[in-house]
Amino acid sequence: MRNIVIAMALLICFAVPAVAADLNAVSGTYYSRRDDTKFLMLRPDATFVLKQRKDPPDKDNPFLELSGKFELNGETLKLILTDGRTAEGKLKGNVFTDSQGEEWAKKPTEPKNVGRAKPQRPGSLW
């Protein structure tokens with residue numbers, strides 16, 4: 001019995017960081033390749049924000065912003081809206097393909113704390 005309790009505790013302790021690491025790898029902002037004003041932001045805490053144009057268009061307020069939670073199962077990304085509706089797509093590398101076949105590319109992130117070279121003045125050695 002004691003071994004079972006220890007095994008369960010180990011599974012709980014080590015399973016959670018593995019899931020978090022996977023979500024860190026996919027977190028970021030994915031922009032539509034058709035319309036770069038539309039984006040899907042996946043956060044490491046398994047929440048998302050989706051911003052897209054309204055259909056039919058609304059001149060005064062052209063964008064719709066949706067949010068909720070997401071689940072990742074292999075390459076299948078499931079978006080779960082706050083009202084319970086869901087949408088699915090495929091996430092392969094840095095490209096998310098939604099159920100209509102639209103591709104969304106992940107915006108590359110710059111490494112933090114990286115110094116940038118300062119431009120030199122013409123004729124200057126330093």
# chains A, B, ... in the order shown; residues from 1 in each chain; ligands from 1
call {"tool": "closest_atom_pairs", "arguments": {"of": "stretch 35-65 of chain A", "to": "stretch 101-110 of chain A", "cutoff": "12 Å", "atoms": "only C-alpha atoms", "output": "tab-separated table"}}
result
residue	atom	partner	partner_atom	distance
A:Asp35	CA	A:Trp104	CA	9.4
A:Asp36	CA	A:Trp104	CA	9.0
A:Thr37	CA	A:Trp104	CA	11.3
A:Lys38	CA	A:Trp104	CA	8.9
A:Phe39	CA	A:Trp104	CA	7.6
A:Leu40	CA	A:Trp104	CA	7.9
A:Met41	CA	A:Lys106	CA	9.1
A:Leu42	CA	A:Lys106	CA	9.9
A:Leu50	CA	A:Trp104	CA	11.4
A:Gln52	CA	A:Trp104	CA	11.9
call {"tool": "atom_distance", "arguments": {"atom1": "atom CA of A:Ser99", "atom2": "atom CA of A:Gly74"}}
result
16.1 Å
call {"tool": "select_by_dssp", "arguments": {"residues": "stretch 22-87 of chain A", "states": "strand (DSSP E or B)", "output": "PyMOL selection string"}}
result
chain A and resi 28-32+39-42+47-53+63-73+76-81+86-87
call {"tool": "closest_residue", "arguments": {"among": "A:Glu88, A:Ser32, A:Lys59, A:Gly93", "to": "A:Asn73", "atoms": "only C-alpha atoms"}}
result
A:Glu88
call {"tool": "atom_distance", "arguments": {"atom1": "atom CA of A:Phe70", "atom2": "atom CA of A:Arg43"}}
result
9.1 Å
call {"tool": "closest_residue", "arguments": {"among": "A:Thr47, A:Thr97, A:Thr82, A:Ser67", "to": "A:Arg33", "atoms": "only C-alpha atoms"}}
result
A:Thr97
call {"tool": "residues_around", "arguments": {"residues": "A:Lys69", "least_positions_apart": "6", "cutoff": "10 Å", "atoms": "only C-alpha atoms", "output": "PyMOL selection string"}}
result
chain A and resi 42-43+45-49+78-82+84+86
call {"tool": "atom_distance", "arguments": {"atom1": "atom CA of A:Arg34", "atom2": "atom CA of A:Glu65"}}
result
17.8 Å
call {"tool": "select_by_dssp", "arguments": {"residues": "stretch 20-120 of chain A", "states": "alpha helix (DSSP H)", "output": "list in words"}}
result
Ala20, Ala21, Asp22, Leu23, Asn24, Ala25 and Val26 of chain A
call {"tool": "write_last_selection", "arguments": {"atoms": "N, CA and C atoms", "output": "PDB file, in the first residue's frame"}}
result
ATOM      1  N   ALA A  20       3.388  21.212 -18.490  1.00  0.00           N
ATOM      2  CA  ALA A  20       3.715  22.636 -18.549  1.00  0.00           C
ATOM      3  C   ALA A  20       4.828  22.893 -19.562  1.00  0.00           C
ATOM      4  N   ALA A  21       5.809  22.007 -19.628  1.00  0.00           N
ATOM      5  CA  ALA A  21       6.896  22.192 -20.587  1.00  0.00           C
ATOM      6  C   ALA A  21       6.368  22.129 -22.008  1.00  0.00           C
ATOM      7  N   ASP A  22       5.453  21.213 -22.286  1.00  0.00           N
ATOM      8  CA  ASP A  22       4.872  21.117 -23.618  1.00  0.00           C
ATOM      9  C   ASP A  22       4.132  22.404 -23.969  1.00  0.00           C
ATOM     10  N   LEU A  23       3.388  22.970 -23.025  1.00  0.00           N
ATOM     11  CA  LEU A  23       2.642  24.190 -23.295  1.00  0.00           C
ATOM     12  C   LEU A  23       3.578  25.377 -23.477  1.00  0.00           C
ATOM     13  N   ASN A  24       4.699  25.399 -22.778  1.00  0.00           N
ATOM     14  CA  ASN A  24       5.674  26.467 -22.996  1.00  0.00           C
ATOM     15  C   ASN A  24       6.214  26.419 -24.413  1.00  0.00           C
ATOM     16  N   ALA A  25       6.392  25.209 -24.939  1.00  0.00           N
ATOM     17  CA  ALA A  25       6.927  25.068 -26.291  1.00  0.00           C
ATOM     18  C   ALA A  25       5.964  25.594 -27.349  1.00  0.00           C
ATOM     19  N   VAL A  26       4.657  25.455 -27.125  1.00  0.00           N
ATOM     20  CA  VAL A  26       3.679  25.907 -28.128  1.00  0.00           C
ATOM     21  C   VAL A  26       3.140  27.294 -27.849  1.00  0.00           C
TER      22      VAL A  26
END
